[in-house]
Amino acid sequence: MQTYAYGFPRLGRAKEYKKGIEDFWKGRIQEDVLIQTLSQLQADQQKTYRKHIDIFPEGEMTFYDAMLDTAILCGVYSPRDLKAYYELCRGDDALEMTKWFNTNYHYLVPDFRRTPVPCFRVNRENVALRFQRGAFPKFIGPFTFLKLSKGIRREDFSRVFLALMEVYHDLLLHCEKAQLDEPAFVLDLENDEIELIKTGYRLLKDCGHKIILMTYYDAVDFMEELLSLPVSAIGLDFVRGGSSYQYIVQHGFPKDKTLIAGLVDGRNIWKTDAAAAVAKLRALSQKTPNLMVSNAAPLYHLPLTVSVEDTLDEHLKTRLAFAEEKLAEIRMIADCVEGRRAIPEKVVLEDYGRDQKVQSRIRSLRPKDFVKGVSPQERRRRQEALWKPPLFPATTIGSFPQSAEVRAKRAAYKSGRLSHSDYQAYLRGEIDKLIQFQEDLGLDVLVHGEFERTDMVEFFAQKLSGFAVTQNGWVISYGTRVYRPPIIFGDVSRPAPMTLDEIAYAQTKTKKPVKGMLTGPTTIIAWSYCREDIPVAEVAYQIALALQEEIRDYEKAGIRIVQVDEPAFREKAPLKRRDWDAYFDWAVLAFNLATNTRPETQIHTHMCYSEFGEIVEYIERMDFDVISIETSRSKGDIIDAFEGRQFDRQIGLGVWDIHSPAVPPVEKMLDIVHRALRHFPAKNFWINPDCGLKTRDWPETEASLRNLIKTATILRKEYAKDAS
Ligand code: GLN
Ligand code: ZN
């Protein structure tokens, strides 16, 4: 049995990818050196594949993002050089960024409105093609590319799609074979879209023998049509797409194609149940002789290797497989099918990490635990009796620039070079400065800055029981930004307060309210690797109870405002609408459980970088008092999602795109607010950036916040009559 794999992480063991690109941005290295670095990483990738895998694409590297590359290949953008390329990623007029399917990878959204007449042409001098991609490259498929782009009118979609097919045809002429990724095939598609896919792929027919069509993240609902497309091989995700597997077992698989059976999870870190995978392969081999085994989703959602983790508990470690180990598993499963080795026994966690006390608390939850007894209107009255904010209150989302010094101190503390008391003293000094800074600027609701946090999920994972964290388990979330997803291996509880020290301390330094800052249950789960044999709703309620305890501690310390961030609320939603209710039920309940504390405590939440338009109805079920949502990258599209909804709680739509170092002018901020005020009364509107500021530098932070305060001041004058 042959093995197939794709999507191996590009980061490199020492994060060479990140370092190389950032060095280029800082002018430390030239273009040719960067190309060399990335080519070397690509060569390393290939070497790793070769150790375990028979067939794999040769060219998967990108300077930043594969969606942008595809847009460039197709002539939607034509950056002259790498500098111009990176302008599209992070310049003043950068592309919008949004989450890739239901993952925490963010892609750049090609915008067809910016291209007068798209001229589809494969240009070999093209920035996107500067690496050696070999004879067997991997590209994002035409349908997925177009479906995830924006600015194409509905009535133009098929025309543009068919034109796009010419580019892909051209591309294929240059290749021996190519992997085309079509994860959008697993979305809920309309019949006319399925027809279009058929028509479009028919145009590639004479190159069909070269095409390896890869789908992943869920099942494909139009299997019959899919299997009839003129391609040589089709990859399916049998980990998250059970119905695709069922379909083939029932209806068979065409003789003229190869089936690439995705049986090794590309999105979670648990070892594969080899016996189950082998059984599936045997069943599939009854249906087709042309069968390969592969990963079930690109492996870049996983860290590189478990082997370098020496602080993980042995019992846990032996149950894990990261990207490299997944490649070995693919090989192992193929060997087992062929009887070349014995099928290893299933490794399960069983009682490991389980906690009876936590479980009985979950069992004792009653419906009223999830519902606030006091209406939002009454809560607002009570909250304002304690503290009345000005019109257009100005605040930030939580984090402030994490300077090299902050990061160095944290690292020193972690490695034991800095004592706990010295570290704490340092943090307090930073909080002192930040409180002063925010007061000087004139912000209304202050934050402590999150200097103690490496990351909004990992930080909590380190404090909660039931979580493990890795030392080197880095994964790219966008561009060169990386994070280490924690592992939820057991029942979750809070042994001690997690953030109380810093928040309570910050509040002693000012008369203005300081926001307590927590990460919500859904986001913690979404950005962690979660144990799979405990129902996810239960895990969410466990986390929610831990957060609720923290908020109750805040309240005792005199904190009146608490923000529970849920940036992954949309992203974690299943790809198929039919699965939405089941998901949002627990996601909403978990939020409401976590924040079901004193009605006098003003609860904020924050969301960003997703298509929120479609989920406004679920957001409304979350019982917060104030929500802040990112706006800039989607050029304000979120604003219209609220049209006609009479949203009656308080809201702040981001006026500053924090992914770019550019300082937004006051006029731009005013514009966003004026547009928003068509749907929201002024008395409900907050002024805030799109997201946290931890990736920014101080100079632009200060300049941008000054503009933000100016914006609020102008608005207060304009709308003074609304204040009463
Ligand atoms: N409070 C977090 C911060 O400011 C929110 C980050 C996020 O939404 N991703 O960093
Ligand atoms: Zn955010």
# chains A, B, ... in the order shown; residues from 1 in each chain; ligands from 1
>>> residues_near_ligand(ligand="ligand 2", cutoff="8 Å", atoms="only C-alpha atoms and all ligand atoms", output="MDAnalysis selection string")
chainID A and resid 397 565 567 606:609 629:630 690:692
>>> write_last_selection(atoms="all heavy atoms", output="compact mmCIF listing (two decimals), in the first residue's frame")
# COMPACT_ATOMS: atom_id res chain seq x y z
N ILE A 397 -8.42 46.43 23.93
CA ILE A 397 -8.90 45.05 23.98
C ILE A 397 -8.14 44.23 25.02
O ILE A 397 -8.54 43.12 25.36
CB ILE A 397 -8.84 44.41 22.58
CG1 ILE A 397 -9.62 45.26 21.58
CG2 ILE A 397 -9.39 42.99 22.57
CD1 ILE A 397 -11.08 45.52 21.93
N ASP A 565 -12.86 37.06 26.48
CA ASP A 565 -12.61 37.06 25.03
C ASP A 565 -13.09 35.76 24.38
O ASP A 565 -12.79 34.68 24.86
CB ASP A 565 -11.10 37.19 24.77
CG ASP A 565 -10.57 38.56 25.14
OD1 ASP A 565 -11.30 39.54 24.93
OD2 ASP A 565 -9.43 38.64 25.63
N PRO A 567 -12.56 35.20 20.68
CA PRO A 567 -12.22 35.41 19.26
C PRO A 567 -12.43 34.17 18.41
O PRO A 567 -12.58 34.29 17.19
CB PRO A 567 -10.75 35.82 19.30
CG PRO A 567 -10.24 35.36 20.62
CD PRO A 567 -11.40 35.43 21.55
N HIS A 606 -15.18 39.85 23.40
CA HIS A 606 -14.47 40.38 22.23
C HIS A 606 -14.32 39.27 21.19
O HIS A 606 -14.03 38.13 21.52
CB HIS A 606 -13.09 40.89 22.66
CG HIS A 606 -12.15 41.07 21.51
ND1 HIS A 606 -12.27 42.10 20.61
CD2 HIS A 606 -11.10 40.32 21.09
CE1 HIS A 606 -11.32 41.99 19.68
NE2 HIS A 606 -10.61 40.91 19.95
N MET A 607 -14.53 39.63 19.93
CA MET A 607 -14.37 38.67 18.83
C MET A 607 -13.64 39.34 17.67
O MET A 607 -13.74 40.56 17.50
CB MET A 607 -15.73 38.19 18.33
CG MET A 607 -16.51 37.44 19.38
SD MET A 607 -18.02 36.79 18.70
CE MET A 607 -18.77 36.18 20.22
N CYS A 608 -12.92 38.55 16.88
CA CYS A 608 -12.18 39.15 15.78
C CYS A 608 -11.87 38.18 14.65
O CYS A 608 -11.90 36.97 14.84
CB CYS A 608 -10.87 39.74 16.30
SG CYS A 608 -9.92 38.60 17.32
N TYR A 609 -11.57 38.76 13.48
CA TYR A 609 -11.05 38.03 12.32
C TYR A 609 -11.85 36.79 11.92
O TYR A 609 -11.30 35.72 11.74
CB TYR A 609 -9.56 37.72 12.51
CG TYR A 609 -8.83 38.99 12.83
CD1 TYR A 609 -8.42 39.29 14.13
CD2 TYR A 609 -8.69 39.96 11.86
CE1 TYR A 609 -7.85 40.51 14.43
CE2 TYR A 609 -8.11 41.18 12.16
CZ TYR A 609 -7.70 41.45 13.43
OH TYR A 609 -7.16 42.65 13.73
N ILE A 629 -15.98 44.06 18.48
CA ILE A 629 -15.72 43.21 17.32
C ILE A 629 -14.77 43.93 16.38
O ILE A 629 -14.90 45.13 16.14
CB ILE A 629 -17.02 42.86 16.55
CG1 ILE A 629 -18.09 42.30 17.49
CG2 ILE A 629 -16.74 41.86 15.45
CD1 ILE A 629 -19.34 41.79 16.79
N GLU A 630 -13.85 43.17 15.83
CA GLU A 630 -12.90 43.70 14.85
C GLU A 630 -13.66 44.11 13.58
O GLU A 630 -14.58 43.44 13.15
CB GLU A 630 -11.86 42.63 14.55
CG GLU A 630 -11.09 42.77 13.27
CD GLU A 630 -11.73 42.05 12.09
OE1 GLU A 630 -12.53 41.12 12.30
OE2 GLU A 630 -11.44 42.45 10.96
N ASP A 690 -9.28 47.13 16.97
CA ASP A 690 -9.79 45.86 16.48
C ASP A 690 -9.49 44.69 17.40
O ASP A 690 -10.24 43.73 17.44
CB ASP A 690 -9.13 45.54 15.14
CG ASP A 690 -9.98 46.01 13.98
OD1 ASP A 690 -11.14 46.39 14.22
OD2 ASP A 690 -9.48 46.00 12.85
N CYS A 691 -8.35 44.75 18.07
CA CYS A 691 -7.90 43.58 18.82
C CYS A 691 -6.81 44.04 19.78
O CYS A 691 -6.54 45.23 19.89
CB CYS A 691 -7.40 42.52 17.83
SG CYS A 691 -7.10 40.90 18.58
N GLY A 692 -6.20 43.08 20.47
CA GLY A 692 -5.12 43.40 21.41
C GLY A 692 -3.90 43.97 20.68
O GLY A 692 -3.72 43.77 19.49
>>> residues_near_ligand(ligand="ligand 1", cutoff="10 Å", atoms="only C-alpha atoms and all ligand atoms", output="compact mmCIF listing (two decimals) with all heavy atoms, in the first residue's frame")
# COMPACT_ATOMS: atom_id res chain seq x y z
N THR A 396 -9.33 49.63 25.35
CA THR A 396 -8.54 48.78 24.46
C THR A 396 -8.98 47.34 24.69
O THR A 396 -9.81 47.07 25.56
CB THR A 396 -7.04 48.90 24.76
OG1 THR A 396 -6.83 48.48 26.11
CG2 THR A 396 -6.55 50.32 24.58
N ILE A 397 -8.42 46.43 23.93
CA ILE A 397 -8.90 45.05 23.98
C ILE A 397 -8.14 44.23 25.02
O ILE A 397 -8.54 43.12 25.36
CB ILE A 397 -8.84 44.41 22.58
CG1 ILE A 397 -9.62 45.26 21.58
CG2 ILE A 397 -9.39 42.99 22.57
CD1 ILE A 397 -11.08 45.52 21.93
N GLY A 398 -7.04 44.75 25.52
CA GLY A 398 -6.39 44.06 26.63
C GLY A 398 -4.88 44.11 26.63
O GLY A 398 -4.26 44.68 27.51
N SER A 399 -4.25 43.53 25.61
CA SER A 399 -2.79 43.48 25.65
C SER A 399 -2.20 44.77 25.11
O SER A 399 -2.81 45.46 24.28
CB SER A 399 -2.29 42.29 24.84
OG SER A 399 -2.71 42.40 23.51
N PHE A 400 -1.00 45.07 25.59
CA PHE A 400 -0.20 46.19 25.08
C PHE A 400 1.11 45.63 24.54
O PHE A 400 1.41 44.45 24.73
CB PHE A 400 0.00 47.23 26.18
CG PHE A 400 -1.10 48.28 26.15
CD1 PHE A 400 -2.35 47.99 26.66
CD2 PHE A 400 -0.89 49.53 25.57
CE1 PHE A 400 -3.38 48.93 26.60
CE2 PHE A 400 -1.92 50.47 25.50
CZ PHE A 400 -3.16 50.17 26.01
N PRO A 401 1.89 46.44 23.81
CA PRO A 401 3.10 45.90 23.18
C PRO A 401 3.95 45.06 24.13
O PRO A 401 4.18 45.46 25.27
CB PRO A 401 3.84 47.16 22.73
CG PRO A 401 2.76 48.14 22.45
CD PRO A 401 1.70 47.87 23.48
N VAL A 447 -6.84 48.72 31.21
CA VAL A 447 -6.46 47.31 31.27
C VAL A 447 -5.09 47.23 31.93
O VAL A 447 -4.39 48.23 32.05
CB VAL A 447 -6.39 46.68 29.86
CG1 VAL A 447 -7.76 46.68 29.20
CG2 VAL A 447 -5.37 47.41 28.99
N GLY A 449 -2.67 45.18 30.75
CA GLY A 449 -1.68 45.04 29.69
C GLY A 449 -1.29 43.63 29.30
O GLY A 449 -0.63 43.43 28.29
N GLU A 450 -1.64 42.65 30.14
CA GLU A 450 -1.36 41.24 29.84
C GLU A 450 0.13 40.94 29.66
O GLU A 450 0.50 40.02 28.92
CB GLU A 450 -2.16 40.77 28.60
CG GLU A 450 -3.66 40.94 28.76
CD GLU A 450 -4.48 40.46 27.54
OE1 GLU A 450 -3.99 39.61 26.79
OE2 GLU A 450 -5.61 40.94 27.38
N PHE A 451 0.99 41.68 30.34
CA PHE A 451 2.44 41.46 30.19
C PHE A 451 2.88 40.08 30.67
O PHE A 451 3.90 39.56 30.25
CB PHE A 451 3.22 42.54 30.94
CG PHE A 451 2.93 43.92 30.46
CD1 PHE A 451 2.32 44.85 31.27
CD2 PHE A 451 3.24 44.28 29.15
CE1 PHE A 451 2.03 46.12 30.82
CE2 PHE A 451 2.95 45.56 28.67
CZ PHE A 451 2.34 46.48 29.51
N ARG A 453 1.41 37.36 30.10
CA ARG A 453 0.88 36.28 29.26
C ARG A 453 1.69 36.11 27.98
O ARG A 453 1.88 37.05 27.23
CB ARG A 453 -0.58 36.56 28.88
CG ARG A 453 -1.41 36.80 30.11
CD ARG A 453 -2.88 36.99 29.81
NE ARG A 453 -3.55 37.42 31.05
CZ ARG A 453 -4.83 37.73 31.15
NH1 ARG A 453 -5.60 37.65 30.07
NH2 ARG A 453 -5.34 38.11 32.30
N THR A 454 2.12 34.90 27.73
CA THR A 454 2.76 34.62 26.44
C THR A 454 1.69 34.65 25.38
O THR A 454 1.91 35.07 24.25
CB THR A 454 3.32 33.18 26.42
OG1 THR A 454 2.39 32.31 27.07
CG2 THR A 454 4.66 33.10 27.06
N ASP A 455 0.53 34.21 25.77
CA ASP A 455 -0.51 33.91 24.79
C ASP A 455 -1.79 33.76 25.58
O ASP A 455 -1.78 33.33 26.72
CB ASP A 455 -0.08 32.59 24.16
CG ASP A 455 -1.16 31.92 23.33
OD1 ASP A 455 -2.21 31.53 23.86
OD2 ASP A 455 -0.92 31.80 22.14
N MET A 456 -2.90 34.17 24.99
CA MET A 456 -4.15 34.25 25.75
C MET A 456 -4.75 32.89 26.10
O MET A 456 -5.68 32.82 26.90
CB MET A 456 -5.17 35.10 25.00
CG MET A 456 -5.56 34.55 23.67
SD MET A 456 -6.64 35.68 22.76
CE MET A 456 -8.10 35.70 23.77
N VAL A 457 -4.27 31.83 25.48
CA VAL A 457 -4.75 30.50 25.84
C VAL A 457 -3.70 29.75 26.67
O VAL A 457 -3.98 29.21 27.73
CB VAL A 457 -5.17 29.69 24.59
CG1 VAL A 457 -5.41 28.24 24.94
CG2 VAL A 457 -6.44 30.30 23.99
N GLY A 516 -11.09 43.25 34.16
CA GLY A 516 -10.51 41.92 34.32
C GLY A 516 -10.48 41.26 32.96
O GLY A 516 -11.35 41.53 32.13
N MET A 517 -9.49 40.42 32.72
CA MET A 517 -9.28 39.96 31.34
C MET A 517 -9.13 38.44 31.30
O MET A 517 -8.17 37.89 31.81
CB MET A 517 -7.99 40.64 30.84
CG MET A 517 -7.79 40.64 29.37
SD MET A 517 -9.15 41.34 28.42
CE MET A 517 -9.09 43.07 28.87
N LEU A 518 -10.10 37.78 30.71
CA LEU A 518 -10.09 36.31 30.66
C LEU A 518 -10.34 35.82 29.24
O LEU A 518 -10.93 36.52 28.43
CB LEU A 518 -11.20 35.76 31.57
CG LEU A 518 -11.10 36.13 33.06
CD1 LEU A 518 -12.39 35.76 33.78
CD2 LEU A 518 -9.90 35.44 33.70
N THR A 519 -9.91 34.61 28.97
CA THR A 519 -10.20 33.99 27.68
C THR A 519 -11.35 33.01 27.86
O THR A 519 -11.36 32.24 28.82
CB THR A 519 -8.95 33.26 27.15
OG1 THR A 519 -7.89 34.22 27.09
CG2 THR A 519 -9.19 32.69 25.77
N THR A 523 -12.87 29.58 23.06
CA THR A 523 -11.57 29.94 22.49
C THR A 523 -10.46 29.08 23.10
O THR A 523 -9.55 28.64 22.40
CB THR A 523 -11.30 31.44 22.69
OG1 THR A 523 -12.33 32.16 22.01
CG2 THR A 523 -9.95 31.84 22.17
N GLN A 563 -13.82 41.32 30.96
CA GLN A 563 -13.93 40.95 29.54
C GLN A 563 -13.57 39.48 29.38
O GLN A 563 -12.53 39.03 29.85
CB GLN A 563 -12.97 41.82 28.72
CG GLN A 563 -12.99 41.51 27.24
CD GLN A 563 -12.15 42.51 26.46
OE1 GLN A 563 -12.32 43.72 26.60
NE2 GLN A 563 -11.23 42.02 25.64
N VAL A 564 -14.46 38.75 28.75
CA VAL A 564 -14.20 37.34 28.46
C VAL A 564 -14.10 37.21 26.94
O VAL A 564 -15.09 37.29 26.23
CB VAL A 564 -15.33 36.45 29.03
CG1 VAL A 564 -15.07 34.99 28.69
CG2 VAL A 564 -15.44 36.63 30.55
N ASP A 565 -12.86 37.06 26.48
CA ASP A 565 -12.61 37.06 25.03
C ASP A 565 -13.09 35.76 24.38
O ASP A 565 -12.79 34.68 24.86
CB ASP A 565 -11.10 37.19 24.77
CG ASP A 565 -10.57 38.56 25.14
OD1 ASP A 565 -11.30 39.54 24.93
OD2 ASP A 565 -9.43 38.64 25.63
N GLU A 566 -13.78 35.89 23.27
CA GLU A 566 -14.16 34.70 22.48
C GLU A 566 -13.83 34.88 21.00
O GLU A 566 -14.69 34.72 20.14
CB GLU A 566 -15.64 34.37 22.67
CG GLU A 566 -15.98 33.64 23.96
CD GLU A 566 -15.46 32.20 24.06
OE1 GLU A 566 -14.52 31.84 23.32
OE2 GLU A 566 -16.01 31.44 24.89
N PRO A 567 -12.56 35.20 20.68
CA PRO A 567 -12.22 35.41 19.26
C PRO A 567 -12.43 34.17 18.41
O PRO A 567 -12.58 34.29 17.19
CB PRO A 567 -10.75 35.82 19.30
CG PRO A 567 -10.24 35.36 20.62
CD PRO A 567 -11.40 35.43 21.55
N ALA A 568 -12.45 33.00 19.01
CA ALA A 568 -12.59 31.77 18.20
C ALA A 568 -14.02 31.26 18.14
O ALA A 568 -14.27 30.17 17.63
CB ALA A 568 -11.67 30.68 18.76
N THR A 605 -17.37 41.06 26.00
CA THR A 605 -16.71 40.00 25.26
C THR A 605 -16.07 40.62 24.04
O THR A 605 -16.35 41.77 23.69
CB THR A 605 -17.67 38.85 24.87
OG1 THR A 605 -16.89 37.76 24.37
CG2 THR A 605 -18.67 39.27 23.80
N HIS A 606 -15.18 39.85 23.40
CA HIS A 606 -14.47 40.38 22.23
C HIS A 606 -14.32 39.27 21.19
O HIS A 606 -14.03 38.13 21.52
CB HIS A 606 -13.09 40.89 22.66
CG HIS A 606 -12.15 41.07 21.51
ND1 HIS A 606 -12.27 42.10 20.61
CD2 HIS A 606 -11.10 40.32 21.09
CE1 HIS A 606 -11.32 41.99 19.68
NE2 HIS A 606 -10.61 40.91 19.95
N MET A 607 -14.53 39.63 19.93
CA MET A 607 -14.37 38.67 18.83
C MET A 607 -13.64 39.34 17.67
O MET A 607 -13.74 40.56 17.50
CB MET A 607 -15.73 38.19 18.33
CG MET A 607 -16.51 37.44 19.38
SD MET A 607 -18.02 36.79 18.70
CE MET A 607 -18.77 36.18 20.22
N CYS A 608 -12.92 38.55 16.88
CA CYS A 608 -12.18 39.15 15.78
C CYS A 608 -11.87 38.18 14.65
O CYS A 608 -11.90 36.97 14.84
CB CYS A 608 -10.87 39.74 16.30
SG CYS A 608 -9.92 38.60 17.32
N TYR A 609 -11.57 38.76 13.48
CA TYR A 609 -11.05 38.03 12.32
C TYR A 609 -11.85 36.79 11.92
O TYR A 609 -11.30 35.72 11.74
CB TYR A 609 -9.56 37.72 12.51
CG TYR A 609 -8.83 38.99 12.83
CD1 TYR A 609 -8.42 39.29 14.13
CD2 TYR A 609 -8.69 39.96 11.86
CE1 TYR A 609 -7.85 40.51 14.43
CE2 TYR A 609 -8.11 41.18 12.16
CZ TYR A 609 -7.70 41.45 13.43
OH TYR A 609 -7.16 42.65 13.73
N SER A 628 -17.00 43.84 21.80
CA SER A 628 -16.15 44.55 20.84
C SER A 628 -15.83 43.57 19.71
O SER A 628 -15.50 42.42 19.96
CB SER A 628 -14.87 45.06 21.49
OG SER A 628 -14.12 43.99 22.01
N ILE A 629 -15.98 44.06 18.48
CA ILE A 629 -15.72 43.21 17.32
C ILE A 629 -14.77 43.93 16.38
O ILE A 629 -14.90 45.13 16.14
CB ILE A 629 -17.02 42.86 16.55
CG1 ILE A 629 -18.09 42.30 17.49
CG2 ILE A 629 -16.74 41.86 15.45
CD1 ILE A 629 -19.34 41.79 16.79
N GLU A 630 -13.85 43.17 15.83
CA GLU A 630 -12.90 43.70 14.85
C GLU A 630 -13.66 44.11 13.58
O GLU A 630 -14.58 43.44 13.15
CB GLU A 630 -11.86 42.63 14.55
CG GLU A 630 -11.09 42.77 13.27
CD GLU A 630 -11.73 42.05 12.09
OE1 GLU A 630 -12.53 41.12 12.30
OE2 GLU A 630 -11.44 42.45 10.96
N PRO A 689 -9.81 49.61 19.61
CA PRO A 689 -9.11 49.03 18.46
C PRO A 689 -9.77 47.70 18.07
O PRO A 689 -10.64 47.20 18.77
CB PRO A 689 -7.69 48.77 18.97
CG PRO A 689 -7.61 49.34 20.35
CD PRO A 689 -9.00 49.55 20.84
N ASP A 690 -9.28 47.13 16.97
CA ASP A 690 -9.79 45.86 16.48
C ASP A 690 -9.49 44.69 17.40
O ASP A 690 -10.24 43.73 17.44
CB ASP A 690 -9.13 45.54 15.14
CG ASP A 690 -9.98 46.01 13.98
OD1 ASP A 690 -11.14 46.39 14.22
OD2 ASP A 690 -9.48 46.00 12.85
N CYS A 691 -8.35 44.75 18.07
CA CYS A 691 -7.90 43.58 18.82
C CYS A 691 -6.81 44.04 19.78
O CYS A 691 -6.54 45.23 19.89
CB CYS A 691 -7.40 42.52 17.83
SG CYS A 691 -7.10 40.90 18.58
N GLY A 692 -6.20 43.08 20.47
CA GLY A 692 -5.12 43.40 21.41
C GLY A 692 -3.90 43.97 20.68
O GLY A 692 -3.72 43.77 19.49
N LEU A 693 -3.05 44.66 21.45
CA LEU A 693 -1.94 45.39 20.84
C LEU A 693 -0.59 44.72 21.04
O LEU A 693 0.45 45.34 20.84
CB LEU A 693 -1.90 46.81 21.44
CG LEU A 693 -3.25 47.56 21.37
CD1 LEU A 693 -3.16 48.90 22.09
CD2 LEU A 693 -3.65 47.76 19.92
N LYS A 694 -0.60 43.46 21.44
CA LYS A 694 0.68 42.85 21.82
C LYS A 694 1.66 42.73 20.68
O LYS A 694 2.86 42.66 20.91
CB LYS A 694 0.46 41.52 22.52
CG LYS A 694 -0.13 40.43 21.69
CD LYS A 694 0.01 39.08 22.43
CE LYS A 694 -0.81 38.01 21.77
NZ LYS A 694 -2.12 37.85 22.39
N THR A 695 1.19 42.72 19.44
CA THR A 695 2.13 42.59 18.33
C THR A 695 2.61 43.95 17.82
O THR A 695 3.40 44.02 16.89
CB THR A 695 1.47 41.85 17.14
OG1 THR A 695 0.30 42.59 16.77
CG2 THR A 695 1.06 40.45 17.52
>>> residues_around(residues="Val655 of chain A", least_positions_apart="2", cutoff="9 Å", atoms="only C-alpha atoms", output="ChimeraX atom specification")
/A:630-632,652-653,657,664,668-673,687-690,708
>>> atom_distance(atom1="atom CA of Phe591 of chain A", atom2="atom CA of Ser493 of chain A")
16.1 Å
>>> residues_around(residues="Trp270 of chain A", least_positions_apart="4", cutoff="10 Å", atoms="only C-alpha atoms", output="JSON list (two decimals) with N, CA and C atoms, in the first residue's frame")
[["chain", "number", "residue", "atom", "x", "y", "z"],
["A", 264, "VAL", "N", -5.20, 9.61, 9.08],
["A", 264, "VAL", "CA", -4.38, 10.06, 10.20],
["A", 264, "VAL", "C", -4.69, 11.54, 10.43],
["A", 265, "ASP", "N", -5.23, 11.85, 11.57],
["A", 265, "ASP", "CA", -5.74, 13.19, 11.86],
["A", 265, "ASP", "C", -4.66, 14.26, 11.71],
["A", 266, "GLY", "N", -4.95, 15.26, 10.89],
["A", 266, "GLY", "CA", -4.01, 16.37, 10.74],
["A", 266, "GLY", "C", -4.30, 17.50, 11.70],
["A", 316, "LEU", "N", 1.57, 10.78, 29.09],
["A", 316, "LEU", "CA", 0.89, 11.58, 28.07],
["A", 316, "LEU", "C", 1.69, 11.53, 26.76],
["A", 317, "LYS", "N", 2.98, 11.72, 26.90],
["A", 317, "LYS", "CA", 3.83, 11.82, 25.72],
["A", 317, "LYS", "C", 3.70, 10.60, 24.81],
["A", 318, "THR", "N", 3.60, 9.43, 25.43],
["A", 318, "THR", "CA", 3.53, 8.22, 24.61],
["A", 318, "THR", "C", 2.20, 8.10, 23.88],
["A", 319, "ARG", "N", 1.28, 8.98, 24.19],
["A", 319, "ARG", "CA", -0.01, 8.95, 23.50],
["A", 319, "ARG", "C", -0.14, 10.01, 22.41],
["A", 320, "LEU", "N", 0.94, 10.74, 22.21],
["A", 320, "LEU", "CA", 0.90, 11.87, 21.27],
["A", 320, "LEU", "C", 1.63, 11.59, 19.96],
["A", 321, "ALA", "N", 1.14, 12.21, 18.92],
["A", 321, "ALA", "CA", 1.84, 12.19, 17.62],
["A", 321, "ALA", "C", 1.68, 13.57, 16.99],
["A", 322, "PHE", "N", 2.81, 14.29, 16.80],
["A", 322, "PHE", "CA", 2.78, 15.55, 16.08],
["A", 322, "PHE", "C", 3.08, 15.26, 14.60],
["A", 326, "LYS", "N", 3.11, 11.73, 12.81],
["A", 326, "LYS", "CA", 1.95, 11.36, 11.98],
["A", 326, "LYS", "C", 2.43, 10.74, 10.67],
["A", 347, "VAL", "N", -3.79, 3.01, 22.05],
["A", 347, "VAL", "CA", -3.38, 3.70, 23.27],
["A", 347, "VAL", "C", -4.49, 4.64, 23.70],
["A", 348, "VAL", "N", -4.99, 4.45, 24.90],
["A", 348, "VAL", "CA", -6.07, 5.31, 25.37],
["A", 348, "VAL", "C", -5.67, 5.99, 26.67],
["A", 349, "LEU", "N", -6.34, 7.05, 26.99],
["A", 349, "LEU", "CA", -6.00, 7.80, 28.20],
["A", 349, "LEU", "C", -6.73, 7.24, 29.42],
["A", 487, "ILE", "N", -2.52, 21.29, 25.48],
["A", 487, "ILE", "CA", -3.19, 20.00, 25.34],
["A", 487, "ILE", "C", -4.15, 19.81, 26.51],
["A", 529, "TYR", "N", -5.40, 21.51, 21.83],
["A", 529, "TYR", "CA", -5.73, 20.19, 21.32],
["A", 529, "TYR", "C", -6.54, 19.53, 22.42],
["A", 530, "CYS", "N", -7.73, 19.12, 22.06],
["A", 530, "CYS", "CA", -8.66, 18.68, 23.10],
["A", 530, "CYS", "C", -8.78, 17.15, 23.11],
["A", 531, "ARG", "N", -8.84, 16.63, 24.30],
["A", 531, "ARG", "CA", -9.10, 15.20, 24.46],
["A", 531, "ARG", "C", -10.42, 14.85, 23.77],
["A", 532, "GLU", "N", -10.50, 13.69, 23.15],
["A", 532, "GLU", "CA", -11.66, 13.40, 22.32],
["A", 532, "GLU", "C", -12.67, 12.46, 22.95]]
>>> residues_around(residues="segment 426-435 of chain A", least_positions_apart="5", cutoff="8 Å", atoms="only C-alpha atoms", output="number ranges by chain")
A: 446-449, 451-452, 502, 505-506, 509-510
>>> atom_distance(atom1="atom CA of Ile639 of chain A", atom2="atom CA of Leu715 of chain A")
17.8 Å
>>> select_by_dssp(residues="segment 218-315 of chain A", states="helix (DSSP H, G or I)", output="JSON, numbers by chain")
{"A": [223, 224, 225, 226, 227, 242, 243, 244, 245, 246, 247, 248, 249, 250, 251, 274, 275, 276, 277, 278, 279, 280, 281, 282, 283, 284, 285, 299, 300, 301, 314, 315]}
>>> select_by_dssp(residues="segment 131-180 of chain A", states="strand (DSSP E or B)", output="PyMOL selection string")
chain A and resi 137-140+150+178-180
>>> atom_distance(atom1="atom CA of Asp553 of chain A", atom2="atom CA of Pro495 of chain A")
13.1 Å
>>> residues_around(residues="segment 332-340 of chain A", least_positions_apart="6", cutoff="9 Å", atoms="only C-alpha atoms", output="ChimeraX atom specification")
/A:1-3,52,274-275,277-279,281-282,292-293
>>> residues_around(residues="segment 86-89 of chain A", least_positions_apart="3", cutoff="9 Å", atoms="only C-alpha atoms", output="number ranges by chain")
A: 25, 63-65, 68, 77, 79, 81-83, 92-97, 108, 479, 660
>>> closest_residue(among="A:Tyr478, A:Ile525, A:Leu299, A:Asn684", to="Lys99 of chain A", atoms="only C-alpha atoms")
A:Tyr478
